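Notes follow the structure.
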Amino acid sequence: MSRSFTPKVVTANRLREGDVVYLAADDRWTQFHHEAELIDDEAHAQLRLLFAAAQKLYVVGAYLADAKAGPNGPEPTHFREEFRTRGPSNYFHGKQADHAS
Amino acid sequence: MYSYSDFDEAFIRSRVAQFTQQVERRLDGSLTEDEFRPLRLMNGLYLQLHAYMLRVAIPYGTLNPGQMRQLAHIADAYDKGYGHFTTRQNIQFNWPKLPDVPAILTALADVEMHAIQTSGNTVRNVTADHFAGAAADEVEDPRPYAELLRQWSTDHPEFQFLPRKFKIAITGAEHDRAVIAAHDIGLRIVRNDKGEIGFQVLVGGGLGRTPMIGMVVREFLPVEDLLPYVEAVLSVYNTLGRRDNKYKARIKITLHETGKAEITRQVEERFAELRPLFGGNDQKLLEDIREAFAPPAYRNAPIDAYTAFHKADPVFRAWADTNLTAHKNDQYAIVTISVKEHGKTPGDATSAQMRVIADLAEKYGHGDIRISHEQNVILPHVHKSDLPAIHAALAQVGLGTANVGLISDIIACPGMDYCALATARSIPIAEEIAVRFKELDLEHEVGPLKIKISGCINACGHHHVGHIGILGLDRAGVENYQITLGGDGTEQAAIGEKMGPGFAYDQVVPAIERLVRAYLEIRSEPAETFLQTVRRAGLGPFKTALYETEGAQDAA
């Protein structure tokens with residue numbers, strides 16, 4: 001392939017709760033971005049997205065989001081994805097509160 | 001106010017039952033997301049960034065205390081203890097869980113409320129002047145017509161799959177507080193030479209990526225022609241509107257592509273067909289509806305207590321001078337409760353605040369509550385002698401801010417803190433502007449100034465009609481904010497003009513401060529408002545203030 005592939009994670013929202021989840025390498029859906037599988041191959045990314053899209057009873061709207069490797073695991077590269085790892089900035093709600101303890 | 005008929009009640013209950021089953025089928029896998037999505041949107045349920053969001057209709061922004069208490073109950077039982085009042089006079093809950101939504105809709109139905117047609121390509125909640133029935137400058141109360149339009153448009157079989165959403169706004173006053181010129185159809189109640197009541201009809205207004213001011217298509221539409229005429233407009237739009245391109249699907253584009261003359265010809269032709277089909281039942285219905293909006297039994301009592309308090313207490317005086325509007329009964333006032341405490345999210349009310357508002361409306365306000373498109377709450381009928389007690393109660397729960405119409409009374413969409421469509425945040429920008437001008441203690445000195453912030457090009461924050469408009473964009477992966485100047489949402493509606501290159505997130509507040517300081521410097525006298533100064537002096541001095549400051553410009 002001529003152009004390089006930006007690494008990705010598979011992310012979606014949970015069907016019942018609506019909160020953000022990420023697909024881990026062992027097929028689990030995790031609430032933590034750093035536990036997601038960082039995918040650096042385009043064909044593998046498409047396969048993982050297909051796998052995610054088939055989990056109709058668990059997630060909604062799966063897509064591939066750009067990410068990069070970090071010391072504790074994958075990190076988001078775009079501010080939108082960064083907000084999704086945390087929750088809103090006007091209240092201490094969402095993931096930042098769920099995982100505060 | 002209007003109470004549900006047996007028909008309304010049965011309809012709402014059947015829709016709740018239907019959606020309850022649809023949710024069950026989604027949860028057990030009988031429905032795919034592609035199948036379920038249009039069904040949930042028809043019932044106001046979105047999936048946003050961090051959670052689902054349920055948008056509940058508040059028809060023409062009118063609530064009774066029982067309904068407000070029920071919203072507080074829903075906020076506590078199914079959400080995180082608050083609700084967000086929107087720029088279309090609705091309320092949104094930001095954290096419902098899908099399995100709870102049927103119970104929420106049942107709780108809403110218990111108080112004659114619903115979330116139908118708050119999304120999708122349908123006729124949305126009909127909005128109206130939030131001072132309807134109370135304003136001193138009113139020709140007639142627009143709410144009976146808004147209710148007639150609501151009944152006509154709800155589940156209208158022909159208009160459930162329009163090319164795009166369709167928004168109608170109505171005002172009964174000369175001064176337009178309902179932004180009718182920025183709606184698909186805008187209606188203004190007017191009186192003709194013979195003294196008869198009718199409507200001036202505007203079509204094709206809208207904000208979003210292609211902002212346009214509506215065109216007048218009828219100077220005087222008789223009352224009995226309202227439904228057939230609106231139906232004719234929608235019918236022509238339904239046929240001509242573009243379904244091939246979402247961005248060209250609103251009636252404003254249809255109007256410009258087809259031409260006003262041709263559209264008007266087709267509307268009038270269709271109207272001629274439809275008019276005879278309306279045999280007068282709509283007018284009988286309208287008469288019944290009017291009775292529901294009869295004015296309250298005003299109290300006749302002295303207002304000395306108010307006058308004395310106004311003289312004696314500077315805090316009360318500041319609030320009264322800013323947050324009250326003239327009522328048609330001069331013993332009364334219209335109270336605007338600011339849901340814009342400095343540093344807080346514009347339009348967010350906690351369940352505790354909602355309950356205080358409900359109690360005050362019941363005790364002092366003839367049981368009438370309004371939500372404004374500017375994301376504040378109105379008590380439209382308050383006897384002036386009760387104002388000191390109301391102010392004291394509001395101040396205790398963070399609702400006593402004296403800033404209505406001032407720089408910190410900002411409209412802001414949810415932006416990227418919640419919205420899946422957003423390209424940047426808007427709430428924290430609003431919070432920081434409000435806090436900064438409080439620190440400077442300048443907002444009363446600055447006077448009337450409307451700042452409106454949208455977190456994407458869809459313009460839910462009405463930035464195009466802000467005196468100062470702020471539009472948050474994603475520029476190469478960084479939040480960037482474009483500033484417009486000179487917008488106006490009133491009867492002198494105007495789209496703001498873009499100033500120049502955008503500003504980085506942390507440069508927005510200093511940029512706004514430079515604009516405001518430039519205004520203070522060049523206004524001809526303190527009575528000349530910001531907007532008047534922009535109109536008189538042009539953009540030049542403001543551009544200079546924005547960009548010719550060393551290090552101020554972000555070259556994004």
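Note on naming: chains are A, B, ... as they come in the structure tokens, residues start from 1 per chain, ligands start from 1 in the order shown.
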
Report task. Determine, counting only C-alpha atoms, which protein, DNA and RNA residues have an atom within 12 Å of an atom of range 56-63 of chain A; residues of the same chain fewer than 2 positions away are not included. Present the result as a ChimeraX atom specification. Result -> /A:8-23,28-30,45-54,65-66,81 /B:24-37,46-49,51-52,98,420

Which residues are near His78 in chain A? Cut-off 10 Å, only C-alpha atoms, ignore same chain within fewer than 3 positions. Put them as a PyMOL selection string. (chain A and resi 65-67+75+81-83) or (chain B and resi 474+476-478)

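Residues surrounding Ser89 in chain A within 7 Å are A:Gly87, A:Tyr91, B:Asp417 [only C-alpha atoms; sequence separation below 2 positions excluded].
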
- Item | All strand (DSSP E) positions in range 247-424 of chain B, as a ChimeraX atom specification | /B:324-326,332-337,348-350,369-371,377-383,411-412

Keeping only N, CA and C atoms, take the residues you just selected and write them out as a PDB file, in the first residue's frame.
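Result written to selection_12.pdb:
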```pdb
ATOM      1  N   LEU B 324     -37.229  42.012  34.531  1.00  0.00           N
ATOM      2  CA  LEU B 324     -38.679  42.196  34.402  1.00  0.00           C
ATOM      3  C   LEU B 324     -39.013  42.843  33.063  1.00  0.00           C
ATOM      4  N   THR B 325     -40.189  42.473  32.543  1.00  0.00           N
ATOM      5  CA  THR B 325     -40.683  43.064  31.297  1.00  0.00           C
ATOM      6  C   THR B 325     -42.105  43.553  31.539  1.00  0.00           C
ATOM      7  N   ALA B 326     -42.465  44.608  30.817  1.00  0.00           N
ATOM      8  CA  ALA B 326     -43.799  45.199  31.000  1.00  0.00           C
ATOM      9  C   ALA B 326     -44.904  44.203  30.669  1.00  0.00           C
ATOM     10  N   TYR B 332     -48.986  44.176  37.057  1.00  0.00           N
ATOM     11  CA  TYR B 332     -48.257  42.912  36.912  1.00  0.00           C
ATOM     12  C   TYR B 332     -46.924  43.108  36.202  1.00  0.00           C
ATOM     13  N   ALA B 333     -46.068  42.100  36.314  1.00  0.00           N
ATOM     14  CA  ALA B 333     -44.808  42.098  35.575  1.00  0.00           C
ATOM     15  C   ALA B 333     -44.565  40.703  35.026  1.00  0.00           C
ATOM     16  N   ILE B 334     -43.782  40.649  33.961  1.00  0.00           N
ATOM     17  CA  ILE B 334     -43.315  39.363  33.439  1.00  0.00           C
ATOM     18  C   ILE B 334     -41.919  39.133  34.017  1.00  0.00           C
ATOM     19  N   VAL B 335     -41.742  38.011  34.697  1.00  0.00           N
ATOM     20  CA  VAL B 335     -40.452  37.713  35.320  1.00  0.00           C
ATOM     21  C   VAL B 335     -39.665  36.744  34.440  1.00  0.00           C
ATOM     22  N   THR B 336     -38.467  37.135  34.061  1.00  0.00           N
ATOM     23  CA  THR B 336     -37.572  36.187  33.403  1.00  0.00           C
ATOM     24  C   THR B 336     -36.590  35.676  34.445  1.00  0.00           C
ATOM     25  N   ILE B 337     -36.664  34.376  34.714  1.00  0.00           N
ATOM     26  CA  ILE B 337     -35.737  33.748  35.662  1.00  0.00           C
ATOM     27  C   ILE B 337     -34.498  33.352  34.874  1.00  0.00           C
ATOM     28  N   ASP B 348     -29.247  24.929  31.951  1.00  0.00           N
ATOM     29  CA  ASP B 348     -29.356  23.739  32.803  1.00  0.00           C
ATOM     30  C   ASP B 348     -30.024  24.099  34.124  1.00  0.00           C
ATOM     31  N   ALA B 349     -31.067  23.341  34.471  1.00  0.00           N
ATOM     32  CA  ALA B 349     -31.727  23.549  35.760  1.00  0.00           C
ATOM     33  C   ALA B 349     -31.695  22.236  36.527  1.00  0.00           C
ATOM     34  N   THR B 350     -31.374  22.320  37.817  1.00  0.00           N
ATOM     35  CA  THR B 350     -31.393  21.121  38.652  1.00  0.00           C
ATOM     36  C   THR B 350     -32.843  20.799  39.017  1.00  0.00           C
ATOM     37  N   ILE B 369     -45.881  28.733  33.419  1.00  0.00           N
ATOM     38  CA  ILE B 369     -44.419  28.755  33.281  1.00  0.00           C
ATOM     39  C   ILE B 369     -44.085  28.690  31.800  1.00  0.00           C
ATOM     40  N   ARG B 370     -43.099  29.441  31.376  1.00  0.00           N
ATOM     41  CA  ARG B 370     -42.642  29.371  29.975  1.00  0.00           C
ATOM     42  C   ARG B 370     -41.140  29.101  29.922  1.00  0.00           C
ATOM     43  N   ILE B 371     -40.748  28.450  28.856  1.00  0.00           N
ATOM     44  CA  ILE B 371     -39.332  28.274  28.564  1.00  0.00           C
ATOM     45  C   ILE B 371     -39.039  29.149  27.350  1.00  0.00           C
ATOM     46  N   VAL B 377     -36.266  30.730  31.984  1.00  0.00           N
ATOM     47  CA  VAL B 377     -37.620  30.346  32.381  1.00  0.00           C
ATOM     48  C   VAL B 377     -38.396  31.616  32.720  1.00  0.00           C
ATOM     49  N   ILE B 378     -39.650  31.638  32.307  1.00  0.00           N
ATOM     50  CA  ILE B 378     -40.458  32.843  32.482  1.00  0.00           C
ATOM     51  C   ILE B 378     -41.644  32.538  33.397  1.00  0.00           C
ATOM     52  N   LEU B 379     -41.918  33.483  34.324  1.00  0.00           N
ATOM     53  CA  LEU B 379     -43.210  33.487  35.018  1.00  0.00           C
ATOM     54  C   LEU B 379     -43.965  34.668  34.406  1.00  0.00           C
ATOM     55  N   PRO B 380     -44.930  34.382  33.516  1.00  0.00           N
ATOM     56  CA  PRO B 380     -45.492  35.477  32.720  1.00  0.00           C
ATOM     57  C   PRO B 380     -46.454  36.397  33.460  1.00  0.00           C
ATOM     58  N   HIS B 381     -47.052  35.910  34.551  1.00  0.00           N
ATOM     59  CA  HIS B 381     -48.052  36.753  35.214  1.00  0.00           C
ATOM     60  C   HIS B 381     -47.769  36.845  36.713  1.00  0.00           C
ATOM     61  N   VAL B 382     -47.026  37.860  37.122  1.00  0.00           N
ATOM     62  CA  VAL B 382     -46.712  38.014  38.540  1.00  0.00           C
ATOM     63  C   VAL B 382     -47.160  39.396  39.008  1.00  0.00           C
ATOM     64  N   HIS B 383     -47.961  39.417  40.065  1.00  0.00           N
ATOM     65  CA  HIS B 383     -48.356  40.709  40.634  1.00  0.00           C
ATOM     66  C   HIS B 383     -47.121  41.351  41.250  1.00  0.00           C
ATOM     67  N   ILE B 411     -26.740  32.243  24.870  1.00  0.00           N
ATOM     68  CA  ILE B 411     -27.282  31.001  24.325  1.00  0.00           C
ATOM     69  C   ILE B 411     -26.100  30.121  23.949  1.00  0.00           C
ATOM     70  N   ALA B 412     -26.122  28.871  24.381  1.00  0.00           N
ATOM     71  CA  ALA B 412     -25.079  27.947  23.939  1.00  0.00           C
ATOM     72  C   ALA B 412     -25.706  26.583  23.692  1.00  0.00           C
TER      73      ALA B 412
END
```

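Ranking B:Ser408, B:Thr86, B:Gln160, B:Thr345 by their shortest atom-to-atom distance to chain A, with only C-alpha atoms included, puts B:Thr345 first.
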
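Taking only range 2-57 of chain A, the residues that DSSP calls helix (DSSP H, G or I) from the backbone come to His33, His34, Glu35, Glu42, Ala43, His44, Ala45, Gln46, Leu47, Arg48, Leu49, Leu50, Phe51, Ala52 and Ala53 of chain A.
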
Residues from last step as file, N, CA and C atoms, as a short mmCIF file (atom, residue, chain, number, x, y, z; two decimals), in the first residue's frame:
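Output contents, as saved in again.cif:
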```
data_model
loop_
_atom_site.label_atom_id
_atom_site.label_comp_id
_atom_site.auth_asym_id
_atom_site.auth_seq_id
_atom_site.Cartn_x
_atom_site.Cartn_y
_atom_site.Cartn_z
N HIS A 33 -10.06 3.25 27.21
CA HIS A 33 -9.37 3.38 25.93
C HIS A 33 -8.03 2.64 25.95
N HIS A 34 -7.32 2.73 27.07
CA HIS A 34 -5.97 2.13 27.11
C HIS A 34 -6.00 0.60 27.07
N GLU A 35 -7.19 0.01 27.27
CA GLU A 35 -7.29 -1.46 27.17
C GLU A 35 -7.69 -1.92 25.77
N GLU A 42 -4.62 -2.30 8.12
CA GLU A 42 -5.92 -1.90 7.62
C GLU A 42 -6.88 -3.09 7.46
N ALA A 43 -6.36 -4.18 6.94
CA ALA A 43 -7.22 -5.35 6.71
C ALA A 43 -7.73 -5.90 8.04
N HIS A 44 -6.82 -5.94 9.02
CA HIS A 44 -7.21 -6.42 10.34
C HIS A 44 -8.25 -5.48 10.96
N ALA A 45 -8.07 -4.17 10.73
CA ALA A 45 -9.02 -3.18 11.26
C ALA A 45 -10.41 -3.45 10.70
N GLN A 46 -10.50 -3.73 9.42
CA GLN A 46 -11.81 -3.98 8.80
C GLN A 46 -12.44 -5.25 9.37
N LEU A 47 -11.63 -6.25 9.62
CA LEU A 47 -12.14 -7.50 10.21
C LEU A 47 -12.67 -7.26 11.61
N ARG A 48 -11.92 -6.47 12.39
CA ARG A 48 -12.35 -6.19 13.76
C ARG A 48 -13.63 -5.35 13.78
N LEU A 49 -13.73 -4.44 12.79
CA LEU A 49 -14.94 -3.61 12.71
C LEU A 49 -16.15 -4.47 12.36
N LEU A 50 -15.94 -5.45 11.47
CA LEU A 50 -17.02 -6.38 11.13
C LEU A 50 -17.45 -7.18 12.36
N PHE A 51 -16.46 -7.63 13.10
CA PHE A 51 -16.75 -8.39 14.33
C PHE A 51 -17.59 -7.52 15.27
N ALA A 52 -17.18 -6.24 15.40
CA ALA A 52 -17.89 -5.33 16.31
C ALA A 52 -19.31 -5.08 15.83
N ALA A 53 -19.45 -4.86 14.53
CA ALA A 53 -20.78 -4.54 13.98
C ALA A 53 -21.75 -5.71 14.16
#
```

Write out as an NGL selection string each polymer residue whose atoms come within 6 Å of range 125-134 of chain B, counting only C-alpha atoms; drop sequence neighbours fewer than 3 positions from it. :B and (59-60 or 141 or 168-171 or 177-178 or 327-328 or 370 or 372 or 380)
